[in-house]
Amino acid sequence: MRALVELLASERGTALLAERGVSTDALAFTERLRPPARADLVDLLGLARDCRLVYVGQQVCADFALPTAAKFIAARELAAAAEVTPVILWHDMDSTRSERYGARVVLRGGKRLRGIWLAPRHSTDIEPRFVAVERTVLETAFADLSTWVENAPLDNREAAQAQVRQLAAAALDSGITTLGEATRAIATTLLREELGFAAPSVSASEMLAAGLLVAAVEEYLANLDDVVRVFNEAVERLVAQDVDPQVRPLPPDYLPLRYSCPVDDTRLRLARERHGEDTFATASCRCGKTYSFHLGGNRPTLGELAATGRWSIDVSMPIHHNDLASGWIAGRSTALYGLVFNEVLSRVLGQTPIPILVPRELTADAADDDSEATLLMRHLLSAGSARDRVAR
């Protein structure tokens, strides 16, 4: 089946994307932008209510593959060329293992790769907001990074060591208590110093705490049978068109909800169970605990689950942002399953999907033997260089 790379390589592929609200043209994208339908997010970020807010969603991480960095470059260029306000929505409520750089950086020594872990490896099934920072682990990680710099083929080792110290200072700030906060600090520094991109930002957990996503999730829950039907129909149509939708059909017991076990912090998929007119969200953890949360009757609500402070949302997150933003810049996977969610938005929820921009640079594959295959590696290897990194 065709992935995003293949679609963007043909006029028919880009036309298919455009028909479903996904643009590869920045001008066409910006012309469709309007102020958000709801001002909750612009108010939370302290922005003007009439701004055209375009978000980049990204799981908190300590490094970026270069194609991923293209999302932030596109946001930077939009801000410079048009009256657009880019913001970063940091996803800190997904399993750390779902992002390659969520708990480590990967260094190259010759043709070999080496991972430097920022948290214990057993924490990979846990949301980064629940992984406590172990200062000694972080200090050891940055000491290892410094040693790598000493042995790497660099023109300006002193400048590279200064950059390592800058990243370490960001991650080891006294106010940081979780892995999610530490990796967000590293990523923010890396984007600013290497790409010249700085933007207002907020984490998904902060948005939940402020109540920004509850109404959208509850509307989704109230229409869940139709959501499952339309979602699966959209997946089938894309597959029939030889397009990989990046998501699987939803099961009958689907809920868009996850729960982190308070015993061992494992992130659990919640399943839907019905008992008469009542709906429950249930899960069993490997620690032996089972959980059941009452969501209510004919029109489910988050109710007692929301009160735990340990719930999160699955990949349907773009749907719940639809009224909070003017548009968004997608990655390789989100661009494709955004096609599916756009059908759910329009056919089930009666909403007009906000525009999606796909930077063509997302399709650029870094060579396996390229020592600058990540933003961090490029940052360190070009330390002190006269190259204009901001223009990359």
# chains A, B, ... in the order shown; residues from 1 in each chain; ligands from 1
>>> residues_around(residues="Ala160 of chain A", least_positions_apart="5", cutoff="12 Å", atoms="only C-alpha atoms", output="list in words")
Leu145, Ser146, Thr147, Trp148, Val149, Glu150, Asn151, Ala152, Pro153, Leu154, Asp155, Arg165, Gln166, Leu167, Leu376, Met377, Arg378, His379, Leu380, Leu381, Ser382, Ala383, Gly384 and Ser385 of chain A
>>> select_by_dssp(residues="segment 151-338 of chain A", states="strand (DSSP E or B)", output="ChimeraX atom specification")
/A:178,201-203,243,257-260,266-269,271-275,278-284,290-296,311-313,327-329
>>> closest_atom_pairs(of="segment 282-371 of chain A", to="segment 211-218 of chain A", cutoff="12 Å", atoms="only C-alpha atoms", output="tab-separated table")
residue	atom	partner	partner_atom	distance
A:Leu295	CA	A:Glu218	CA	9.7
A:Gly296	CA	A:Glu218	CA	10.9
A:Asn298	CA	A:Glu218	CA	11.8
A:Arg299	CA	A:Glu218	CA	8.2
A:Pro300	CA	A:Glu218	CA	6.8
A:Thr301	CA	A:Glu218	CA	5.4
A:Leu302	CA	A:Glu218	CA	6.7
A:Gly303	CA	A:Glu218	CA	9.8
A:Leu305	CA	A:Val214	CA	11.2
A:Ala306	CA	A:Val214	CA	8.5
A:Ala307	CA	A:Gly211	CA	11.4
A:Gly309	CA	A:Gly211	CA	11.2
A:Trp311	CA	A:Val214	CA	11.1
A:Ser312	CA	A:Leu213	CA	10.3
A:Ile313	CA	A:Val217	CA	8.5
A:Asp314	CA	A:Val217	CA	10.7
A:Ser316	CA	A:Val217	CA	9.3
A:Met317	CA	A:Val217	CA	9.0
A:Pro318	CA	A:Ala216	CA	10.6
A:Ile319	CA	A:Ala216	CA	7.9
A:His320	CA	A:Ala216	CA	5.2
A:His321	CA	A:Leu213	CA	7.5
A:Asn322	CA	A:Ala216	CA	8.9
A:Asp323	CA	A:Ala216	CA	8.6
A:Leu324	CA	A:Leu212	CA	8.5
A:Ala325	CA	A:Leu212	CA	11.9
A:Leu345	CA	A:Ala216	CA	10.9
A:Leu349	CA	A:Ala216	CA	9.8
A:Gln351	CA	A:Ala216	CA	11.3
>>> residues_around(residues="Arg114 of chain A", least_positions_apart="3", cutoff="12 Å", atoms="only C-alpha atoms", output="JSON, numbers by chain")
{"A": [104, 105, 106, 107, 108, 109, 110, 111, 117, 141, 144, 145, 148]}
>>> write_last_selection(atoms="N, CA, C and O atoms", output="PDB file, in the first residue's frame")
ATOM      1  N   ARG A 104      15.733   8.402  25.402  1.00  0.00           N
ATOM      2  CA  ARG A 104      17.152   8.222  25.104  1.00  0.00           C
ATOM      3  C   ARG A 104      17.562   9.084  23.924  1.00  0.00           C
ATOM      4  O   ARG A 104      16.723   9.612  23.187  1.00  0.00           O
ATOM      5  N   VAL A 105      18.865   9.214  23.762  1.00  0.00           N
ATOM      6  CA  VAL A 105      19.435   9.731  22.526  1.00  0.00           C
ATOM      7  C   VAL A 105      20.247   8.605  21.919  1.00  0.00           C
ATOM      8  O   VAL A 105      20.719   7.710  22.626  1.00  0.00           O
ATOM      9  N   VAL A 106      20.376   8.616  20.612  1.00  0.00           N
ATOM     10  CA  VAL A 106      21.088   7.557  19.906  1.00  0.00           C
ATOM     11  C   VAL A 106      22.299   8.167  19.223  1.00  0.00           C
ATOM     12  O   VAL A 106      22.167   9.094  18.413  1.00  0.00           O
ATOM     13  N   LEU A 107      23.466   7.665  19.563  1.00  0.00           N
ATOM     14  CA  LEU A 107      24.712   8.191  19.030  1.00  0.00           C
ATOM     15  C   LEU A 107      25.341   7.181  18.083  1.00  0.00           C
ATOM     16  O   LEU A 107      25.126   5.973  18.198  1.00  0.00           O
ATOM     17  N   ARG A 108      26.162   7.699  17.185  1.00  0.00           N
ATOM     18  CA  ARG A 108      26.856   6.847  16.233  1.00  0.00           C
ATOM     19  C   ARG A 108      28.345   6.824  16.545  1.00  0.00           C
ATOM     20  O   ARG A 108      28.955   7.850  16.808  1.00  0.00           O
ATOM     21  N   GLY A 109      28.899   5.614  16.526  1.00  0.00           N
ATOM     22  CA  GLY A 109      30.346   5.440  16.629  1.00  0.00           C
ATOM     23  C   GLY A 109      30.773   4.573  15.470  1.00  0.00           C
ATOM     24  O   GLY A 109      30.602   3.349  15.504  1.00  0.00           O
ATOM     25  N   GLY A 110      31.269   5.168  14.386  1.00  0.00           N
ATOM     26  CA  GLY A 110      31.506   4.423  13.163  1.00  0.00           C
ATOM     27  C   GLY A 110      30.173   4.026  12.571  1.00  0.00           C
ATOM     28  O   GLY A 110      29.305   4.858  12.355  1.00  0.00           O
ATOM     29  N   LYS A 111      29.987   2.719  12.347  1.00  0.00           N
ATOM     30  CA  LYS A 111      28.713   2.236  11.795  1.00  0.00           C
ATOM     31  C   LYS A 111      27.798   1.704  12.883  1.00  0.00           C
ATOM     32  O   LYS A 111      26.716   1.188  12.595  1.00  0.00           O
ATOM     33  N   TRP A 117      20.522   6.325  27.726  1.00  0.00           N
ATOM     34  CA  TRP A 117      19.193   6.388  28.330  1.00  0.00           C
ATOM     35  C   TRP A 117      19.082   7.517  29.337  1.00  0.00           C
ATOM     36  O   TRP A 117      19.996   7.748  30.135  1.00  0.00           O
ATOM     37  N   ALA A 141      23.990  10.390  31.801  1.00  0.00           N
ATOM     38  CA  ALA A 141      23.690  10.451  30.373  1.00  0.00           C
ATOM     39  C   ALA A 141      24.447  11.593  29.702  1.00  0.00           C
ATOM     40  O   ALA A 141      25.038  11.419  28.624  1.00  0.00           O
ATOM     41  N   ASP A 144      28.109  10.844  29.459  1.00  0.00           N
ATOM     42  CA  ASP A 144      28.358   9.953  28.327  1.00  0.00           C
ATOM     43  C   ASP A 144      28.334  10.725  27.009  1.00  0.00           C
ATOM     44  O   ASP A 144      29.143  10.465  26.110  1.00  0.00           O
ATOM     45  N   LEU A 145      27.399  11.678  26.898  1.00  0.00           N
ATOM     46  CA  LEU A 145      27.333  12.486  25.685  1.00  0.00           C
ATOM     47  C   LEU A 145      28.590  13.336  25.546  1.00  0.00           C
ATOM     48  O   LEU A 145      29.138  13.495  24.449  1.00  0.00           O
ATOM     49  N   TRP A 148      31.326  11.137  24.274  1.00  0.00           N
ATOM     50  CA  TRP A 148      31.178  10.915  22.845  1.00  0.00           C
ATOM     51  C   TRP A 148      31.731  12.097  22.052  1.00  0.00           C
ATOM     52  O   TRP A 148      32.416  11.911  21.035  1.00  0.00           O
TER      53      TRP A 148
END
>>> select_by_dssp(residues="segment 138-363 of chain A", states="helix (DSSP H, G or I)", output="VMD selection string")
chain A and resid 138 to 151 157 to 171 179 to 195 204 to 209 214 to 222 224 to 240 303 to 308 317 to 320 332 to 347 360 to 363
>>> decode(residues="segment 185-235 of chain A", atoms="N, CA and C atoms", output="compact mmCIF listing (two decimals), in the first residue's frame")
# COMPACT_ATOMS: atom_id res chain seq x y z
N ALA A 185 12.32 20.06 27.75
CA ALA A 185 13.33 21.11 27.89
C ALA A 185 14.47 20.91 26.90
N ILE A 186 14.89 19.66 26.71
CA ILE A 186 15.95 19.37 25.74
C ILE A 186 15.48 19.72 24.34
N ALA A 187 14.28 19.25 23.98
CA ALA A 187 13.76 19.50 22.63
C ALA A 187 13.57 20.99 22.36
N THR A 188 13.07 21.72 23.35
CA THR A 188 12.85 23.16 23.19
C THR A 188 14.17 23.87 22.92
N THR A 189 15.21 23.48 23.67
CA THR A 189 16.54 24.07 23.48
C THR A 189 17.09 23.73 22.10
N LEU A 190 16.93 22.48 21.69
CA LEU A 190 17.45 22.03 20.41
C LEU A 190 16.76 22.74 19.25
N LEU A 191 15.44 22.89 19.33
CA LEU A 191 14.70 23.59 18.26
C LEU A 191 15.12 25.05 18.18
N ARG A 192 15.30 25.68 19.33
CA ARG A 192 15.68 27.09 19.35
C ARG A 192 17.10 27.29 18.82
N GLU A 193 18.03 26.49 19.28
CA GLU A 193 19.43 26.71 18.94
C GLU A 193 19.79 26.21 17.54
N GLU A 194 19.19 25.11 17.12
CA GLU A 194 19.55 24.53 15.82
C GLU A 194 18.68 25.04 14.69
N LEU A 195 17.39 25.25 14.95
CA LEU A 195 16.47 25.68 13.88
C LEU A 195 16.04 27.13 13.99
N GLY A 196 16.37 27.77 15.10
CA GLY A 196 15.91 29.14 15.28
C GLY A 196 14.42 29.22 15.45
N PHE A 197 13.82 28.15 16.00
CA PHE A 197 12.38 28.11 16.17
C PHE A 197 12.01 28.08 17.64
N ALA A 198 11.29 29.10 18.06
CA ALA A 198 10.76 29.16 19.42
C ALA A 198 9.30 29.58 19.31
N ALA A 199 8.44 28.89 20.04
CA ALA A 199 7.01 29.17 19.93
C ALA A 199 6.34 28.89 21.26
N PRO A 200 5.18 29.51 21.51
CA PRO A 200 4.43 29.15 22.71
C PRO A 200 4.14 27.65 22.70
N SER A 201 4.13 27.04 23.87
CA SER A 201 3.90 25.60 23.92
C SER A 201 3.13 25.22 25.16
N VAL A 202 2.52 24.05 25.09
CA VAL A 202 1.76 23.51 26.22
C VAL A 202 1.75 22.00 26.07
N SER A 203 1.72 21.29 27.18
CA SER A 203 1.66 19.84 27.11
C SER A 203 0.21 19.36 27.13
N ALA A 204 0.01 18.15 26.64
CA ALA A 204 -1.33 17.57 26.65
C ALA A 204 -1.86 17.44 28.06
N SER A 205 -1.00 17.08 29.01
CA SER A 205 -1.45 16.93 30.40
C SER A 205 -1.87 18.28 30.98
N GLU A 206 -1.21 19.36 30.58
CA GLU A 206 -1.62 20.69 31.03
C GLU A 206 -2.97 21.07 30.44
N MET A 207 -3.20 20.66 29.19
CA MET A 207 -4.49 20.94 28.57
C MET A 207 -5.61 20.16 29.27
N LEU A 208 -5.32 18.91 29.62
CA LEU A 208 -6.32 18.14 30.36
C LEU A 208 -6.61 18.77 31.71
N ALA A 209 -5.56 19.15 32.41
CA ALA A 209 -5.73 19.75 33.74
C ALA A 209 -6.56 21.02 33.67
N ALA A 210 -6.45 21.75 32.56
CA ALA A 210 -7.22 22.99 32.38
C ALA A 210 -8.62 22.73 31.85
N GLY A 211 -8.95 21.47 31.60
CA GLY A 211 -10.29 21.11 31.14
C GLY A 211 -10.55 21.37 29.67
N LEU A 212 -9.51 21.59 28.87
CA LEU A 212 -9.71 21.99 27.48
C LEU A 212 -10.26 20.88 26.59
N LEU A 213 -10.00 19.62 26.92
CA LEU A 213 -10.32 18.53 26.01
C LEU A 213 -11.54 17.72 26.45
N VAL A 214 -12.04 17.98 27.64
CA VAL A 214 -13.10 17.14 28.21
C VAL A 214 -14.37 17.16 27.36
N ALA A 215 -14.84 18.35 26.98
CA ALA A 215 -16.09 18.46 26.22
C ALA A 215 -15.98 17.73 24.88
N ALA A 216 -14.85 17.87 24.21
CA ALA A 216 -14.68 17.22 22.91
C ALA A 216 -14.65 15.70 23.05
N VAL A 217 -13.97 15.22 24.09
CA VAL A 217 -13.90 13.77 24.30
C VAL A 217 -15.28 13.22 24.64
N GLU A 218 -16.04 13.94 25.45
CA GLU A 218 -17.37 13.45 25.82
C GLU A 218 -18.32 13.46 24.63
N GLU A 219 -18.19 14.43 23.74
CA GLU A 219 -19.00 14.42 22.51
C GLU A 219 -18.64 13.21 21.66
N TYR A 220 -17.39 12.89 21.60
CA TYR A 220 -16.89 11.72 20.87
C TYR A 220 -17.47 10.44 21.48
N LEU A 221 -17.45 10.36 22.82
CA LEU A 221 -18.00 9.18 23.51
C LEU A 221 -19.50 9.03 23.26
N ALA A 222 -20.21 10.14 23.20
CA ALA A 222 -21.65 10.10 23.01
C ALA A 222 -22.04 9.56 21.64
N ASN A 223 -21.10 9.59 20.70
CA ASN A 223 -21.37 9.14 19.33
C ASN A 223 -20.49 7.95 18.95
N LEU A 224 -20.08 7.18 19.93
CA LEU A 224 -19.03 6.20 19.71
C LEU A 224 -19.40 5.11 18.70
N ASP A 225 -20.65 4.65 18.69
CA ASP A 225 -21.03 3.63 17.71
C ASP A 225 -20.87 4.14 16.29
N ASP A 226 -21.29 5.39 16.06
CA ASP A 226 -21.12 5.99 14.73
C ASP A 226 -19.65 6.28 14.43
N VAL A 227 -18.91 6.66 15.46
CA VAL A 227 -17.47 6.89 15.28
C VAL A 227 -16.81 5.62 14.76
N VAL A 228 -17.09 4.49 15.40
CA VAL A 228 -16.48 3.22 15.00
C VAL A 228 -16.88 2.85 13.58
N ARG A 229 -18.16 3.03 13.25
CA ARG A 229 -18.64 2.68 11.92
C ARG A 229 -17.98 3.53 10.84
N VAL A 230 -18.00 4.86 11.02
CA VAL A 230 -17.44 5.76 10.00
C VAL A 230 -15.92 5.62 9.92
N PHE A 231 -15.28 5.48 11.06
CA PHE A 231 -13.82 5.29 11.08
C PHE A 231 -13.45 4.06 10.26
N ASN A 232 -14.12 2.94 10.51
CA ASN A 232 -13.78 1.71 9.81
C ASN A 232 -14.11 1.78 8.33
N GLU A 233 -15.18 2.48 7.98
CA GLU A 233 -15.50 2.67 6.56
C GLU A 233 -14.41 3.49 5.88
N ALA A 234 -13.93 4.52 6.55
CA ALA A 234 -12.87 5.37 5.98
C ALA A 234 -11.58 4.58 5.80
N VAL A 235 -11.25 3.74 6.77
CA VAL A 235 -10.06 2.89 6.66
C VAL A 235 -10.20 1.96 5.46
